[in-house]
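Student: Sharing a structure here in C-alpha cells format.
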Amino acid sequence: MRMALLDDDRLFPVEKSVRAMARDLYEGIRDLPIISPHGHTDPSWFALNENFPDPARLFVQPDHYVFRMFCSQGIDLDTLGVPRADGTEVEQDPRKIWRIFAENFYLLRGTPSDMWLKHAFQEVFGLDTPLTADTADEIYDHIDACLKRDDFKPRALFERFNIEAISTTEPALDDLKYHRMIAESGWGGRVISAYRPDTIVDPDFEGFTDNILKLGELTGEDTASYTGYLNAHRARRAYFKEVGRVTSSDHGHPTARTENLDPAQAAELFQTVLSGRATADERDAFRGQMLTEMAKMSLDDGLVLQIHAGAHRNHSAAMLAKFGRDKGFDVPARTDFTNNLKPLLDAVGMEPNLTVILFMLDETTQSRELAPLAGVYPALKLGPPWWFYDSPEGMKRFRENTTETAGFYNTVGFNDDTRAFCSIPARHDVARRVDAAFLANLVATGRLGMDEAHEVARDLAYDLVKKAYKL
Amino acid sequence: MRMALLDDDRLFPVEKSVRAMARDLYEGIRDLPIISPHGHTDPSWFALNENFPDPARLFVQPDHYVFRMFCSQGIDLDTLGVPRADGTEVEQDPRKIWRIFAENFYLLRGTPSDMWLKHAFQEVFGLDTPLTADTADEIYDHIDACLKRDDFKPRALFERFNIEAISTTEPALDDLKYHRMIAESGWGGRVISAYRPDTIVDPDFEGFTDNILKLGELTGEDTASYTGYLNAHRARRAYFKEVGRVTSSDHGHPTARTENLDPAQAAELFQTVLSGRATADERDAFRGQMLTEMAKMSLDDGLVLQIHAGAHRNHSAAMLAKFGRDKGFDVPARTDFTNNLKPLLDAVGMEPNLTVILFMLDETTQSRELAPLAGVYPALKLGPPWWFYDSPEGMKRFRENTTETAGFYNTVGFNDDTRAFCSIPARHDVARRVDAAFLANLVATGRLGMDEAHEVARDLAYDLVKKAYKL
Amino acid sequence: MRMALLDDDRLFPVEKSVRAMARDLYEGIRDLPIISPHGHTDPSWFALNENFPDPARLFVQPDHYVFRMFCSQGIDLDTLGVPRADGTEVEQDPRKIWRIFAENFYLLRGTPSDMWLKHAFQEVFGLDTPLTADTADEIYDHIDACLKRDDFKPRALFERFNIEAISTTEPALDDLKYHRMIAESGWGGRVISAYRPDTIVDPDFEGFTDNILKLGELTGEDTASYTGYLNAHRARRAYFKEVGRVTSSDHGHPTARTENLDPAQAAELFQTVLSGRATADERDAFRGQMLTEMAKMSLDDGLVLQIHAGAHRNHSAAMLAKFGRDKGFDVPARTDFTNNLKPLLDAVGMEPNLTVILFMLDETTQSRELAPLAGVYPALKLGPPWWFYDSPEGMKRFRENTTETAGFYNTVGFNDDTRAFCSIPARHDVARRVDAAFLANLVATGRLGMDEAHEVARDLAYDLVKKAYKL
C-alpha cells in the first residue's frame, strides 16, 4: 500500500474540479527528466560510485534543514553526529543517531523536510511505515540493507531518479578531480560543476589573501595586479569549462551590491582589499565590482551568472567556532536590488545574450523589485525560491508575487540546490505539483487556457531551465 | 460566441457556492458608471474627437506594460515603433508592429495585460479569435476597420464605456487648451484635469529652474521669492480649477518624505534649491516641504491631495537617453511612510475636511504602515493598488492586507491610472470582480452579511470614489 | 436563535470536505480552558469584583481598536467619552456614547473588532439583534441590565470564560496592591502579573530619571550606580515573583536592538543616559543592553523574556498631548531582527533553559528573519501575531510564513493582549478557528495526517502556551 506516507493528490487545490485540472497538468510533467542546474551534491559520489555508508549519514548528518530544527528544540548537535570543527569526538553510532531522528521526527510537521523525507522513504526505499520511536529500528534496518545493494549506489540512483543533468558547485581553486574522473569513466551521466569564486572574490572569506596567492600559482598569472587577477579568473573559468563542463558561475554575497568602477579605481580598490586594510564598505564594494567583472567575462565565455544574495552567513559566532560553515545558521536579512543592481544593469543589463539569474531570501523584493527588474531588463532572470522558501508556500508566493509583472518566461524553472541526494526527486516533485496547482487556479479563474497551461507547465518543469542554463 | 476570449466567471472564487455569491455581488455593480478619478488619457482625444490611427498605435505603442515585457525578452523597442528621443527613425508600419505583438502575445500569459487586452478585443471590438501569429492579420484588419468608424471615435467610446467622469493629468504649466475646448464644445462628457506640479516642485526634474521662471511669467508672481512661488502655485491651482475643473492635485515623488519647516527655513531651502547647489537631501527635503504646502493649500481650495511615492523612475540610464521618460523602466523601491509622513500629519492629519490619498509601490507597507495610518488619521485615505499591483493578485492582497485595520471606508475605490483608453472598462471590471470575490469570501467565512456585502460592493465600485474625489 | 450574529462555521475553509475537517479539529479544542499569558486587563476588577459600570465604559472607552477607526472617519473622541489628559470634560452620558457607537458600527465591517464584539454580544450577553442606530437603545438596556447582576461581575465572567490563568502587566514600580488582594482573597482564579520595566529602562519615557530614583527608594539599592541599578531590577523581579506570581517580563521597545557590552562600557552608558545627555543612538543602545541584562537575569530567576518591538508609539504629537499614551496612535515601523538580535543571541541564544518570545509588527520579518532565527536558536520562540495582526488574515499569514521554517513547536500558542475583558473568549475562539482552518488545509493537501492535526491543534490552543510561559 503505497498510500501510507504520501497522498497522491498532495499540494493540489482542494476544490474538486480544480484539483482535477492540477492533476491533469501534473500528469503531463511528472515523468519529465530532472534538470538540476544548481546544487551541492558531492561529485565523488558519481566518480567513485561507492555505497552510501548508513541511513544516518545519508539522511541526518548532511541535512541542515533537519538539524537546525532539532537544534532549535534544544537537541545537542553532537548527539546527531554533526562533526566538530576541532575534531572533538561526536556521536558515531548511526543507529543511535537514527533513533534520535525518529523520536523527534514530529518536530518537522508542517515543514517541507517532512514531505521530502517521506518521499524518499516511500519512493526510493519502498517504505510505508511512518517513522516514530517505535519504528526507528525496523526502518533503519530496511534502509541500511538497501544501501548495501548495487542498485542503491550513486550512479544507479542517478539513473533511477531520471536525472538528465546535474550541476555540483566547486570553489574556484578546486582541481575538479572527481569531475575529471567522471568524464573519463565512460559513464554517461551528465554531472557538471559550477564556478564558485567566493574564496577569491570575498575579502571576508577566511584565507582570502592566501587564496589569491594560490590563484596566481595555479594559473601562472601575477595576481598581485588587478589585470593578472582578472586574467587568472579567466583562466580558471576556462579550466572549469573544460574539465568541469560548467555552464554557469555562482556567487554567494551578503548583499546584492554591484559596482562598475573605471579600471583605475577598480585596480586601486583591489590593492586596498589585498592589503587587508579595506573597510567593510570597501570590501562590499569589491564584491560588487567583481559581480560586474564576472558579468563582463560571461559576455565572452557564455557562462550564466548566478547571484545568491541576502544571507547573513554563520549568524551564531559560537556555532561557527564549534561546527564550521554551512551548519544551518544562515539567516536571511533585508536585501535591496533596485539600487544595488543598477551599476551592473547599466553596464550589461540590456545585453540579450547575457543571463544573470537572481536568487534572494527576502520575499518582499519579489513583487516590488525583482519582478519589475526581470520584467524589463533582457539580461535578468529570476531564480526559483531559495533556501527557506524552497517549500510549497514559498513557491506559491513566488508565483503569486512575480507572474503578474515578470510573466513565466523571465523565470528559469527549478533548482533543488541540495546536498541531500535522495531529496532531489522529492524537491522537483514538489515544485511540479505547486506549479501545476498554481496553473490550475489560473485556468479555473479564467486567467489562462488549459492548453496554454499544459505548455507553461512543461516550460516551468523542463524547457526554461534547459534554455536558461544552456543544458 | 462571446466566450472565446473571456470566461464569464473569471476571477471569482472556485468553490461553487462562493462563486455564486461573488457573481451575485458582481451583477449588482457590473453596470455602474465608471468614475476614473486619476489617469493619463490624452484630453486631445476628447477635444478633437478624431479617429484613432491604427491598431498598433492604439494598443502597442502607448502601453508600457506590453513593451516592457517584450523588451525583457530581448525584443528591440525600435521594432515596436516606440519613438526615439532623438528622432531616429523606428518602425512605422503598424501591420509589422502588430505582427510582432501577435507572435509574442504569449509572453503576457498570467499578466493582467493579457486579460485587459482580451477584454478590449472581445468587448470593444467584438472579436472572438485568440491573437496569434496566424490570426494577426485578420484581427488587425478587423480592428483597423472599426477604428475608421464614427462609433469608435473617442467620444463615442467614452459614452459606450459608460464613463461618468474621467480625470486626465496635466503639468502645472500646461495651458489646458484641450480641456477648454472640451468645455466649450458643448459635449456632455465630464473630462477634467488634475494639477500635477512635479516640474516646478521637484528640483531633480530637467529644466526645473526654467520652469520656475515660466511659472512666474504665467502667473505674474515673483517666483524668485518663496512667497511669490507659493502664490504662483495658488494661482495655477485656481486656473486648473476654473479651466480644468480639477478636484485634485497629484504628486509623484521618489519617497514619501514630508517636511513642515517654519516659513523662514522653508524660504531659505527654496533659495538653496533655486541656486542649483542643493544636496540630494535638500532636494528631497524641498519636495517634502512642498507636499505639506500643497496640503495646506488644499485646506483653502478643497483640492484632494494625491501622493504617488516610491518609484525609482527611469532606472536604466541607457533607455532614458534613448527613449525618454515613462517608457516602462520605472522600478519600485522600498518606501517608508510611518516616519516620512509624520511632519505632514502633525500639521494637517487631524483635519476632517482634508483628503490625502496615498499610493505606493511597496506592498510591505500596506499592513504595517498604511492601514494603521489611514485607520486613525481622518485626513488620510488609501488609494487603490498602483502600477505593478493593479492586477488581480495585487488587488486581492491589498484588501487582505488593509481591510482588517483600515476597514473599507478609509479606501477610495478604484483608479485605472492608464493612458490605454480601451483598457479602462477592462481595468474597472477586474477591480469589481476582485472586490466581489473578496467580499464573497468574507460572507462565506462568516465575516460579513450578504446584505452588507452588497452595500460595500457598491461603495467600493462607485460611492467611495465619488465622495473622496468630490466627483 | 443563536445564529443571528455569528455563523457557526465562521473562519473555516469554504470547500465542504475541508470545512468538515476544520470543524472536527475545532470541536476538539473549542472547550479547552483559556490560558491568557500576556494582556492588559485591570487587576482591580478581580481584586474588588465590582460590577462593570455601563455598556459604553465596558465596550467603547477602553477599546482603541474601536475609537481609532471612529477617529479615522472624523468622529471626535470627546464624543466617545475618551478622557482628556488635562481633565477637560468629555461626553459622560454612556447612552449618548453608545448611540454614536451603534450608528457607526458599520465602519468596523471586515475588521476583527466586528467579530469580537458580535461574539461578546451573542455569547456573553445572549443578544441576537444586530447593533444599528435603530437597535442601539434596546441593546444598551439589555447589556446594562446584565451588568447590574452578580453573574456579570468580573470573577463570575472569569469563571464563565473558563480562564485557567491570566496575566496582567504592571510597571516595575507598581506595588501590585490588587494582586496581593487577589492572592489574599481566597478566590481561586489565577491572575498573575508580568514585570514591565519600560519606565525604568527606556530613557525616552517621561520621568525616566525620577523613576530611577524611585526604584532606588523602593529597593534600598543605590540606583545611581549601574551595579545598584541592576540589583534593584533583581529585587523588583523577586518582588513581582512573590507578590505578582509573575512568570515573565515584558519589554516594549521601538526597535529590536540588543547590545552585549562589557560591564565597564555598560556602566558608562548608564551614566550617560542618567545624565540626560545621551544621544538618540545611546538611548537606543541602552534599551538594547537592558534586554540582554534581562535575559541574563532570566537565566537566574527563570522569568520568560517577552520582546514587543517595532511600534512607533504615540505617532500623533497632538493626540498624545490631548489624550495621553495608548490611545490608538501607535503605528508600526520597519523592524530588523537578524542584525539587531545578534548580540543577545551570541550571549544567551544557545541556552536551552531560557525562553525569549518575540512579538513584532512587521510581517515581512516573519519568513525572512523570525522563522529562521526561532528555527535554529533554542532560546528563541515566536509569539503570536500582535496588535494589527491579531486578526484572521494576520494569523493565517503568520502560520503560512513561519511554519515551513520554524515548525509549530517554536511557537507559543495565543496571546489575547487585551484590556477589553469581554473580547477574551472571542479572541481565543478566533485563534482556535484560524489554526483549525490552517491545519485542515494541511491535511487536505497531504501535508499532515488528521491524527497529527488533532495533536497539533491542542498544542497550539493549550499545551505550548502552558509550557512556554510555565503556567
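In the C-alpha cells, the first chain shown is A, the next is B, and so on; residue numbers restart at 1 for each chain, and ligands run from 1 in the order shown.
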Restrict the distance test to only C-alpha atoms, flag each residue of chain C within 8 Å of chain A, and return the flagged residues as a PyMOL selection string.
Tutor: chain C and resi 15+18+336+338-339+342+345-346+352+364+367-369+372-380+400-401+403-410+442+444-448
Student: From the DSSP assignment of the backbone, select every residue of range 346-410 of chain A that is strand (DSSP E), and format the answer as a VMD selection string.
Tutor: chain A and resid 356 to 360 380 to 382
Student: To one decimal place, how far is CA of Phe421 in chain B from CA of Arg99 in chain B in Å?
Tutor: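 Between these atoms lies a distance of 21.2 Å.
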Student: Quick one: residues within 7 Å of Phe398 in chain B, only C-alpha atoms counted, chain neighbours fewer than 4 positions away excluded, as a ChimeraX atom specification?
Tutor: /B:366,385,394,402
Student: How would the residues just chosen look if you wrote them out with C-alpha atoms as a PDB file, in the first residue's frame?
Tutor:
ATOM      1  CA  GLN B 366       0.115  48.069   3.373  1.00  0.00           C
ATOM      2  CA  PRO B 385      -3.134  49.306  -5.849  1.00  0.00           C
ATOM      3  CA  GLY B 394      -2.193  42.804  -6.259  1.00  0.00           C
ATOM      4  CA  THR B 402      -5.564  46.639   4.690  1.00  0.00           C
TER       5      THR B 402
END
Student: To one decimal place, how far is CA of Pro55 in chain C from CA of Arg155 in chain C in Å?
Tutor: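 Calculated distance between CA of Pro55 in chain C and CA of Arg155 in chain C is 17.8 Å.
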Student: Taking only C-alpha atoms into account, which of C:Thr365, C:Thr418, C:Ser225, C:Thr255 comes nearest Leu269 in chain C?
Tutor: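 When distances to Leu269 in chain C are compared using only C-alpha atoms, the smallest one comes from C:Ser225.
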Student: Using only C-alpha atoms, which protein or nucleic acid residues come within 12 Å of Glu123 in chain B? Drop anything in the same chain fewer than 5 positions from it, and give the result as a list in words.
Tutor: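 Close residues of Glu123 in chain B: Met1, Arg2, Met3, Ala4, Leu5, Leu6, Asp8, Met115, Trp116, Leu117, Lys118, Asp128, Leu157, Arg160, Phe161, Cys422, Ser423, Ile424, Pro425, Ala426 and Asp429 of chain B.
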Student: Quick one: write out the picked residues with C-alpha atoms as an mmCIF file, in the first residue's frame?
Tutor:
data_model
loop_
_atom_site.group_PDB
_atom_site.id
_atom_site.type_symbol
_atom_site.label_atom_id
_atom_site.label_comp_id
_atom_site.auth_asym_id
_atom_site.auth_seq_id
_atom_site.Cartn_x
_atom_site.Cartn_y
_atom_site.Cartn_z
ATOM 1 C CA MET B 1 -19.897 33.160 -29.271
ATOM 2 C CA ARG B 2 -18.641 35.695 -26.754
ATOM 3 C CA MET B 3 -16.974 33.019 -24.593
ATOM 4 C CA ALA B 4 -13.994 32.626 -26.822
ATOM 5 C CA LEU B 5 -11.627 35.049 -25.181
ATOM 6 C CA LEU B 6 -13.046 35.620 -21.717
ATOM 7 C CA ASP B 8 -17.768 34.934 -17.690
ATOM 8 C CA MET B 115 -6.837 39.972 -19.559
ATOM 9 C CA TRP B 116 -7.139 43.694 -20.324
ATOM 10 C CA LEU B 117 -6.285 43.164 -23.963
ATOM 11 C CA LYS B 118 -8.636 40.221 -24.389
ATOM 12 C CA ASP B 128 -13.650 36.007 -30.503
ATOM 13 C CA LEU B 157 -16.222 55.114 -26.862
ATOM 14 C CA ARG B 160 -20.166 53.429 -24.674
ATOM 15 C CA PHE B 161 -17.757 52.778 -21.784
ATOM 16 C CA CYS B 422 -9.536 50.765 -24.383
ATOM 17 C CA SER B 423 -8.288 49.123 -21.207
ATOM 18 C CA ILE B 424 -10.407 51.353 -18.978
ATOM 19 C CA PRO B 425 -13.537 49.204 -18.931
ATOM 20 C CA ALA B 426 -11.365 46.116 -18.540
ATOM 21 C CA ASP B 429 -14.184 45.258 -14.496
#
Student: Rounded to one decimal in Å, what is the spacing between CA of Leu274 in chain A and CA of Thr169 in chain A?
Tutor: 25.4 Å
Student: If you count only C-alpha atoms, which residues fall within 10 Å of range 231-248 of chain B, apart from same-chain ones fewer than 6 positions away, as a PyMOL selection string?
Tutor: chain B and resi 37-38+167-170+172-183+190-197+200-201+212+215-223+225+293-294+297-298+300-306+355-357+468-471
